[in-house]
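Chemist: To be precise about what I am sending: the file is called start_5.cif and holds mmCIF, C-alpha atoms.
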data_data
#
loop_
_atom_site.group_PDB
_atom_site.id
_atom_site.type_symbol
_atom_site.label_atom_id
_atom_site.label_comp_id
_atom_site.auth_asym_id
_atom_site.auth_seq_id
_atom_site.Cartn_x
_atom_site.Cartn_y
_atom_site.Cartn_z
ATOM 1 C CA GLY A 1 0.000 0.000 0.000
ATOM 2 C CA ALA A 2 0.856 3.656 -0.121
ATOM 3 C CA VAL A 3 3.511 4.865 2.304
ATOM 4 C CA VAL A 4 3.672 8.173 4.112
ATOM 5 C CA SER A 5 6.677 9.128 6.203
ATOM 6 C CA GLN A 6 7.078 11.722 8.910
ATOM 7 C CA HIS A 7 10.233 13.234 10.300
ATOM 8 C CA PRO A 8 11.199 13.488 13.067
ATOM 9 C CA SER A 9 9.399 10.710 14.910
ATOM 10 C CA ARG A 10 9.920 12.485 18.206
ATOM 11 C CA VAL A 11 11.340 15.812 19.237
ATOM 12 C CA ILE A 12 12.026 17.567 22.518
ATOM 13 C CA CYS A 13 12.492 21.313 22.454
ATOM 14 C CA LYS A 14 12.671 24.274 24.780
ATOM 15 C CA SER A 15 9.764 26.639 25.195
ATOM 16 C CA GLY A 16 9.920 29.488 22.704
ATOM 17 C CA THR A 17 11.694 27.586 19.947
ATOM 18 C CA SER A 18 10.196 26.509 16.628
ATOM 19 C CA VAL A 19 9.900 22.960 15.397
ATOM 20 C CA LYS A 20 9.409 21.769 11.812
ATOM 21 C CA ILE A 21 7.768 18.448 11.006
ATOM 22 C CA GLU A 22 7.959 16.963 7.523
ATOM 23 C CA CYS A 23 5.383 14.729 5.885
ATOM 24 C CA ARG A 24 6.216 12.899 2.664
ATOM 25 C CA SER A 25 4.218 10.630 0.396
ATOM 26 C CA LEU A 26 6.802 8.128 -0.798
ATOM 27 C CA ASP A 27 5.174 6.315 -3.703
ATOM 28 C CA PHE A 28 2.318 8.513 -4.821
ATOM 29 C CA GLN A 29 1.567 12.159 -5.430
ATOM 30 C CA ALA A 30 -0.763 13.966 -3.082
ATOM 31 C CA THR A 31 -2.320 17.277 -4.010
ATOM 32 C CA THR A 32 -3.918 17.316 -0.583
ATOM 33 C CA MET A 33 -2.372 16.524 2.761
ATOM 34 C CA PHE A 34 -3.881 16.860 6.193
ATOM 35 C CA TRP A 35 -2.428 17.633 9.620
ATOM 36 C CA TYR A 36 -3.982 16.197 12.749
ATOM 37 C CA ARG A 37 -3.327 16.451 16.435
ATOM 38 C CA GLN A 38 -4.108 13.623 18.792
ATOM 39 C CA PHE A 39 -4.411 13.867 22.559
ATOM 40 C CA PRO A 40 -3.930 10.778 24.750
ATOM 41 C CA LYS A 41 -6.726 8.249 24.355
ATOM 42 C CA LYS A 42 -8.595 10.564 22.004
ATOM 43 C CA SER A 43 -9.523 10.566 18.367
ATOM 44 C CA LEU A 44 -7.732 12.655 15.773
ATOM 45 C CA MET A 45 -8.452 16.365 15.599
ATOM 46 C CA LEU A 46 -8.047 17.889 12.155
ATOM 47 C CA MET A 47 -5.916 21.010 12.320
ATOM 48 C CA ALA A 48 -5.614 21.998 8.682
ATOM 49 C CA THR A 49 -5.889 20.900 5.090
ATOM 50 C CA SER A 50 -2.803 21.491 3.000
ATOM 51 C CA ASN A 51 -3.172 21.923 -0.757
ATOM 52 C CA GLU A 52 -0.158 21.884 -3.035
ATOM 53 C CA GLY A 53 0.673 25.319 -4.333
ATOM 54 C CA SER A 54 -1.920 27.195 -2.304
ATOM 55 C CA LYS A 55 -2.594 28.344 1.229
ATOM 56 C CA ALA A 56 -3.655 25.838 3.828
ATOM 57 C CA THR A 57 -7.185 25.794 5.169
ATOM 58 C CA TYR A 58 -7.264 25.862 8.951
ATOM 59 C CA GLU A 59 -9.965 24.477 11.186
ATOM 60 C CA GLN A 60 -11.780 26.734 13.574
ATOM 61 C CA GLY A 61 -9.736 27.454 16.649
ATOM 62 C CA VAL A 62 -6.368 26.575 15.090
ATOM 63 C CA GLU A 63 -3.993 29.541 14.955
ATOM 64 C CA LYS A 64 -2.537 29.825 11.474
ATOM 65 C CA ASP A 65 0.349 31.977 12.680
ATOM 66 C CA LYS A 66 1.188 29.396 15.311
ATOM 67 C CA PHE A 67 1.039 26.366 13.056
ATOM 68 C CA LEU A 68 2.604 27.249 9.726
ATOM 69 C CA ILE A 69 1.928 24.837 6.895
ATOM 70 C CA ASN A 70 3.749 24.685 3.594
ATOM 71 C CA HIS A 71 2.926 22.279 0.752
ATOM 72 C CA ALA A 72 5.540 23.117 -1.821
ATOM 73 C CA SER A 73 5.456 19.898 -3.835
ATOM 74 C CA LEU A 74 3.156 16.977 -4.567
ATOM 75 C CA THR A 75 5.048 14.783 -2.112
ATOM 76 C CA LEU A 76 5.987 17.077 0.753
ATOM 77 C CA SER A 77 4.113 19.120 3.332
ATOM 78 C CA THR A 78 5.644 20.704 6.412
ATOM 79 C CA LEU A 79 4.155 21.845 9.694
ATOM 80 C CA THR A 80 6.112 24.362 11.738
ATOM 81 C CA VAL A 81 5.089 24.917 15.330
ATOM 82 C CA THR A 82 6.312 28.436 16.026
ATOM 83 C CA SER A 83 7.305 29.640 19.487
ATOM 84 C CA ALA A 84 6.314 26.338 20.976
ATOM 85 C CA HIS A 85 4.944 26.170 24.517
ATOM 86 C CA PRO A 86 4.314 23.193 26.801
ATOM 87 C CA GLU A 87 0.629 23.136 25.849
ATOM 88 C CA ASP A 88 1.698 22.391 22.260
ATOM 89 C CA SER A 89 3.101 19.067 23.415
ATOM 90 C CA SER A 90 1.150 16.412 21.574
ATOM 91 C CA PHE A 91 1.185 13.713 18.926
ATOM 92 C CA TYR A 92 1.005 15.216 15.444
ATOM 93 C CA ILE A 93 -0.037 13.009 12.544
ATOM 94 C CA CYS A 94 -0.150 13.842 8.859
ATOM 95 C CA SER A 95 -1.995 12.101 6.075
ATOM 96 C CA ALA A 96 -1.777 12.251 2.315
ATOM 97 C CA ARG A 97 -4.797 11.869 0.104
ATOM 98 C CA ASP A 98 -4.468 9.558 -2.884
ATOM 99 C CA SER A 99 -5.983 11.530 -5.749
ATOM 100 C CA LEU A 100 -7.189 8.345 -7.488
ATOM 101 C CA ASP A 101 -9.775 7.289 -4.893
ATOM 102 C CA GLY A 102 -9.590 9.769 -2.043
ATOM 103 C CA THR A 103 -8.124 7.336 0.475
ATOM 104 C CA GLN A 104 -6.025 9.005 3.147
ATOM 105 C CA TYR A 105 -2.787 7.295 4.112
ATOM 106 C CA PHE A 106 -1.278 8.284 7.421
ATOM 107 C CA GLY A 107 2.237 8.925 8.569
ATOM 108 C CA PRO A 108 3.641 7.302 11.720
ATOM 109 C CA GLY A 109 3.234 10.472 13.751
ATOM 110 C CA THR A 110 5.576 12.883 15.542
ATOM 111 C CA ARG A 111 5.681 13.092 19.303
ATOM 112 C CA LEU A 112 6.453 16.664 20.354
ATOM 113 C CA LEU A 113 7.451 17.497 23.905
ATOM 114 C CA VAL A 114 8.003 21.134 24.790
ATOM 115 C CA LEU A 115 9.836 21.740 28.036
ATOM 116 C CA ALA B 1 -22.540 17.431 7.797
ATOM 117 C CA GLN B 2 -21.321 13.950 8.488
ATOM 118 C CA SER B 3 -20.907 12.196 11.786
ATOM 119 C CA VAL B 4 -19.587 8.830 12.921
ATOM 120 C CA THR B 5 -20.539 6.957 16.058
ATOM 121 C CA GLN B 6 -18.546 4.070 17.400
ATOM 122 C CA LEU B 7 -20.872 2.537 19.893
ATOM 123 C CA ASP B 8 -18.291 0.844 22.096
ATOM 124 C CA SER B 9 -15.312 2.696 23.517
ATOM 125 C CA GLN B 10 -13.753 -0.522 24.807
ATOM 126 C CA VAL B 11 -14.157 -4.122 23.702
ATOM 127 C CA PRO B 12 -12.377 -6.838 25.702
ATOM 128 C CA VAL B 13 -12.329 -10.331 24.202
ATOM 129 C CA PHE B 14 -10.452 -13.560 24.662
ATOM 130 C CA GLU B 15 -7.961 -14.812 22.129
ATOM 131 C CA GLU B 16 -9.480 -16.802 19.240
ATOM 132 C CA ALA B 17 -12.956 -15.426 19.947
ATOM 133 C CA PRO B 18 -14.892 -13.564 17.239
ATOM 134 C CA VAL B 19 -15.253 -9.808 17.508
ATOM 135 C CA GLU B 20 -17.448 -7.091 16.036
ATOM 136 C CA LEU B 21 -16.664 -3.406 16.360
ATOM 137 C CA ARG B 22 -19.677 -1.290 15.605
ATOM 138 C CA CYS B 23 -19.794 1.868 13.524
ATOM 139 C CA ASN B 24 -22.774 3.949 12.472
ATOM 140 C CA TYR B 25 -22.666 7.083 10.386
ATOM 141 C CA SER B 26 -24.948 9.863 9.263
ATOM 142 C CA SER B 27 -24.653 11.795 6.035
ATOM 143 C CA SER B 28 -26.912 13.509 3.553
ATOM 144 C CA VAL B 29 -24.797 12.394 0.593
ATOM 145 C CA SER B 30 -23.167 9.196 -0.558
ATOM 146 C CA VAL B 31 -20.097 8.260 1.433
ATOM 147 C CA TYR B 32 -16.870 6.377 1.376
ATOM 148 C CA LEU B 33 -16.159 4.416 4.569
ATOM 149 C CA PHE B 34 -12.892 3.383 6.169
ATOM 150 C CA TRP B 35 -11.541 1.465 9.126
ATOM 151 C CA TYR B 36 -8.108 2.320 10.477
ATOM 152 C CA VAL B 37 -6.068 0.653 13.221
ATOM 153 C CA GLN B 38 -3.655 2.457 15.505
ATOM 154 C CA TYR B 39 -1.067 0.641 17.586
ATOM 155 C CA PRO B 40 0.450 2.497 20.578
ATOM 156 C CA ASN B 41 2.588 5.485 19.624
ATOM 157 C CA GLN B 42 2.072 4.891 15.922
ATOM 158 C CA GLY B 43 0.107 6.464 13.118
ATOM 159 C CA LEU B 44 -3.037 5.013 11.582
ATOM 160 C CA GLN B 45 -2.920 2.031 9.262
ATOM 161 C CA LEU B 46 -5.677 1.434 6.738
ATOM 162 C CA LEU B 47 -7.487 -1.847 7.424
ATOM 163 C CA LEU B 48 -10.108 -1.675 4.696
ATOM 164 C CA LYS B 49 -12.349 0.682 2.792
ATOM 165 C CA TYR B 50 -15.708 0.770 1.048
ATOM 166 C CA LEU B 51 -15.976 2.975 -2.016
ATOM 167 C CA SER B 52 -18.606 1.191 -4.119
ATOM 168 C CA GLY B 53 -19.592 -2.253 -5.360
ATOM 169 C CA SER B 54 -19.817 -5.266 -3.079
ATOM 170 C CA THR B 55 -21.011 -4.331 0.382
ATOM 171 C CA LEU B 56 -18.782 -6.934 2.033
ATOM 172 C CA VAL B 57 -15.257 -5.659 2.125
ATOM 173 C CA LYS B 58 -12.237 -7.720 3.099
ATOM 174 C CA GLY B 59 -9.169 -6.072 4.532
ATOM 175 C CA ILE B 60 -5.801 -6.904 5.971
ATOM 176 C CA ASN B 61 -5.118 -9.099 9.008
ATOM 177 C CA GLY B 62 -8.291 -11.145 8.463
ATOM 178 C CA PHE B 63 -10.714 -8.270 9.085
ATOM 179 C CA GLU B 64 -13.836 -7.618 7.063
ATOM 180 C CA ALA B 65 -16.662 -5.103 7.189
ATOM 181 C CA GLU B 66 -20.119 -4.881 5.718
ATOM 182 C CA PHE B 67 -21.691 -1.697 4.444
ATOM 183 C CA ASN B 68 -25.388 -1.553 5.268
ATOM 184 C CA LYS B 69 -26.952 1.493 3.687
ATOM 185 C CA SER B 70 -30.405 1.041 5.217
ATOM 186 C CA GLN B 71 -28.944 0.854 8.714
ATOM 187 C CA THR B 72 -26.177 3.358 7.946
ATOM 188 C CA SER B 73 -23.666 0.989 9.475
ATOM 189 C CA PHE B 74 -20.193 -0.281 8.655
ATOM 190 C CA HIS B 75 -19.363 -2.812 11.369
ATOM 191 C CA LEU B 76 -15.914 -4.406 11.490
ATOM 192 C CA ARG B 77 -15.589 -8.133 12.151
ATOM 193 C CA LYS B 78 -12.961 -10.784 12.637
ATOM 194 C CA PRO B 79 -13.848 -14.446 13.217
ATOM 195 C CA SER B 80 -10.868 -15.211 15.462
ATOM 196 C CA VAL B 81 -8.709 -12.558 17.092
ATOM 197 C CA HIS B 82 -5.095 -12.695 18.185
ATOM 198 C CA ILE B 83 -3.262 -10.963 20.999
ATOM 199 C CA SER B 84 -1.560 -8.848 18.348
ATOM 200 C CA ASP B 85 -4.928 -7.367 17.328
ATOM 201 C CA THR B 86 -4.954 -5.354 20.545
ATOM 202 C CA ALA B 87 -5.106 -1.753 19.357
ATOM 203 C CA GLU B 88 -7.345 1.271 18.861
ATOM 204 C CA TYR B 89 -9.694 1.065 15.888
ATOM 205 C CA PHE B 90 -11.171 4.091 14.147
ATOM 206 C CA CYS B 91 -14.097 4.213 11.762
ATOM 207 C CA ALA B 92 -14.102 7.153 9.345
ATOM 208 C CA VAL B 93 -16.291 8.549 6.589
ATOM 209 C CA THR B 94 -15.815 10.996 3.766
ATOM 210 C CA GLU B 95 -18.075 12.271 1.026
ATOM 211 C CA GLY B 96 -18.212 9.949 -1.960
ATOM 212 C CA GLY B 97 -17.442 10.933 -5.527
ATOM 213 C CA GLU B 98 -14.576 12.951 -6.875
ATOM 214 C CA THR B 99 -14.857 15.819 -4.422
ATOM 215 C CA SER B 100 -11.355 17.147 -4.205
ATOM 216 C CA GLY B 101 -9.847 17.450 -0.749
ATOM 217 C CA SER B 102 -12.715 15.789 1.079
ATOM 218 C CA ARG B 103 -11.980 15.567 4.766
ATOM 219 C CA LEU B 104 -12.364 12.483 6.910
ATOM 220 C CA THR B 105 -14.740 12.465 9.832
ATOM 221 C CA PHE B 106 -13.588 10.061 12.525
ATOM 222 C CA GLY B 107 -15.397 8.189 15.227
ATOM 223 C CA GLU B 108 -14.086 8.372 18.771
ATOM 224 C CA GLY B 109 -12.355 5.041 18.466
ATOM 225 C CA THR B 110 -12.768 1.591 20.001
ATOM 226 C CA GLN B 111 -10.030 0.059 22.091
ATOM 227 C CA LEU B 112 -9.899 -3.656 21.357
ATOM 228 C CA THR B 113 -8.095 -5.646 24.028
ATOM 229 C CA VAL B 114 -7.451 -9.317 23.359
ATOM 230 C CA ASN B 115 -6.746 -11.329 26.475
ATOM 231 C CA PRO B 116 -5.063 -14.750 26.622
#
Step by step, read the file and then write its structure as C-alpha cells.

Modeler:
Amino acid sequence: GAVVSQHPSRVICKSGTSVKIECRSLDFQATTMFWYRQFPKKSLMLMATSNEGSKATYEQGVEKDKFLINHASLTLSTLTVTSAHPEDSSFYICSARDSLDGTQYFGPGTRLLVL
Amino acid sequence: AQSVTQLDSQVPVFEEAPVELRCNYSSSVSVYLFWYVQYPNQGLQLLLKYLSGSTLVKGINGFEAEFNKSQTSFHLRKPSVHISDTAEYFCAVTEGGETSGSRLTFGEGTQLTVNP
C-alpha cells in the first residue's frame, strides 16, 4: 500500500523555539495533505488541510500563525510549530490523500514534547 | 454534515474469539467508509475501505466489514482474534465521488483488548 513518512518521529524542544515536522508521500503524489493532532486516548483532531501550491485551510480554533503549513510539492508538506509552549506538546499526525480514490494514508506520527 | 458513532469505547475479548466493532454514520450524501487501526505510539494504518460495489469488504489481518446502507452501518468483524490485534480502531467517513480534498470524519475510536 501507499507509504507516508514523517520526520522526526519524536522531538524535545525548549519553550519558545520553533519545530518543523515533515510529511512525505513516498510512492504517490498527493495534491492534498492533512495535519492532525491527537491527545492521549482521544480521536484525531483535524488542524488543517494542506493543498499543493496554495494556502492551507485551517480548522476553527487553530492559529494559522502558530502552526505554519507549507505544501511546496506533490510529495511534501511541512508543519512548523512556532514559538512552541508546553501546551503544544502532543502527537502530530499527517496524512496524504491519494488523488485516485480519495483514500487518506497516514504517517507514523511525531511526538512533540516542549519543556 | 457527516458524523460517525462508534458505539463501544472498549471491547475486551479472549484470544481466538470472534469480535465485532460497531460503527454507524450519518450523512446527507453518498459516502466512502474506512476502518483504520492504531497501535500504541504509531500512526493510523488502513485496514479496509468501502468505495462502491460489493457491500462486504475484506481487509488486511483477516478483518472484514459490511456496508449496510439502510442501517447506515459499517461494522468491522474478525472471526478469530489474536493478541496482536490489541489496538485502537477508528471508523471514518468521507463524502463519496470525486470531491477534491474531502476531509475524513472520525469516530471516537474503540479500544480492542485481546486477552489470553

Chemist: Using only C-alpha atoms, I'd like a table of the residues in chain B that come within 6 Å of chain A; for each, show the closest atom pair and its distance in Å rounded to one decimal, ordered by chain and ascending number, as JSON lines.

Modeler:
{"residue": "B:Gln42", "atom": "CA", "partner": "A:Pro108", "partner_atom": "CA", "distance": 5.1}
{"residue": "B:Gly43", "atom": "CA", "partner": "A:Pro108", "partner_atom": "CA", "distance": 3.9}
{"residue": "B:Leu44", "atom": "CA", "partner": "A:Phe106", "partner_atom": "CA", "distance": 5.6}
{"residue": "B:Gly101", "atom": "CA", "partner": "A:Thr32", "partner_atom": "CA", "distance": 5.9}
{"residue": "B:Glu108", "atom": "CA", "partner": "A:Ser43", "partner_atom": "CA", "distance": 5.1}

Chemist: Please write out, as AutoDock Vina command-line options, where the centre of an axis-aligned box around all listed atoms of region 80-90 of chain B lies and how long its edges are, in Å to one decimal, after adding 6 Å on each side.

Modeler:
--center_x -6.4 --center_y -5.6 --center_z 17.6 --size_x 21.6 --size_y 31.3 --size_z 18.9

Chemist: Just give me the gap between CA of Ser80 (chain B) and CA of Asn41 (chain B) in Å, one decimal is fine.

Modeler: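 Separating CA of Ser80 (chain B) from CA of Asn41 (chain B) is a distance of 25.0 Å.
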
Chemist: Could you check the closest approach to Gln38 (chain A) for each of B:Ser27, B:Ala17, B:Gln38, B:Gly59 and tell me which residue wins, using only C-alpha atoms?

Modeler: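 Smallest distance to Gln38 (chain A) is found for B:Gln38.
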
Chemist: Identify the residues around (7.4, 30.4, 18.7) within a radius of 12 Å, measuring from all atoms listed in the file in the coordinates stated by the file, and give them as a PyMOL selection string.

Modeler: chain A and resi 13-20+65-68+80-86+88+114

Chemist: I'd like the residues picked by the PyMOL selection byres ((chain B and resi 81-96) around 6) written out as a list in words, using the chain letters and numbers from the file.

Modeler: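 Selection result, ordered by chain and number: Glu15, Glu16, Ala17, Ser30, Val31, Tyr32, Leu33, Phe34, Trp35, Tyr36, Val37, Gln38, Tyr39, Ser80, Gly97, Leu104, Thr105, Phe106, Gly107, Gly109, Thr110, Gln111, Leu112, Thr113 and Val114 of chain B.
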
Chemist: Taking 4 positions as the minimum chain separation for residues in the same chain, which residues sit within 10 Å of region 54-58 of chain B when counting only C-alpha atoms? Answer as an MDAnalysis selection string.

Modeler: chainID B and resid 47:50 62:69 74 76:77

Chemist: Print the selection's residues with C-alpha atoms to a file, as a CSV table (one decimal), in the frame of the given file.

Modeler:
chain,number,residue,atom,x,y,z
B,47,LEU,CA,-7.5,-1.8,7.4
B,48,LEU,CA,-10.1,-1.7,4.7
B,49,LYS,CA,-12.3,0.7,2.8
B,50,TYR,CA,-15.7,0.8,1.0
B,62,GLY,CA,-8.3,-11.1,8.5
B,63,PHE,CA,-10.7,-8.3,9.1
B,64,GLU,CA,-13.8,-7.6,7.1
B,65,ALA,CA,-16.7,-5.1,7.2
B,66,GLU,CA,-20.1,-4.9,5.7
B,67,PHE,CA,-21.7,-1.7,4.4
B,68,ASN,CA,-25.4,-1.6,5.3
B,69,LYS,CA,-27.0,1.5,3.7
B,74,PHE,CA,-20.2,-0.3,8.7
B,76,LEU,CA,-15.9,-4.4,11.5
B,77,ARG,CA,-15.6,-8.1,12.2

Chemist: What is the distance, in Å and to one decimal place, between CA of Glu52 (chain A) and CA of Leu26 (chain A)?

Modeler: 15.6 Å

Chemist: Work out how far apart CA of Gly61 (chain A) and CA of Ser102 (chain B) are and give it in Å to one decimal.

Modeler: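 Distance between the two atoms: 19.7 Å.
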
Chemist: Counting all atoms listed in the file, what is within 7 Å of Thr5 (chain B), bar same-chain residues fewer than 5 positions away, as a PyMOL selection string?

Modeler: chain B and resi 23-25+107

Chemist: Which is closest to Phe28 (chain A) among A:Leu74, A:Val62, A:Leu79, A:Leu113, if we use all atoms listed in the file?

Modeler: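 Among the listed residues, A:Leu74 lies closest to Phe28 (chain A).
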
Chemist: List every protein, DNA or RNA residue that has an atom no more than 7 Å from (-7.8, -8.8, 26.5) in the file's coordinate frame, counting all atoms listed in the file, and report them as a VMD selection string.

Modeler: chain B and resid 12 to 14 113 to 116
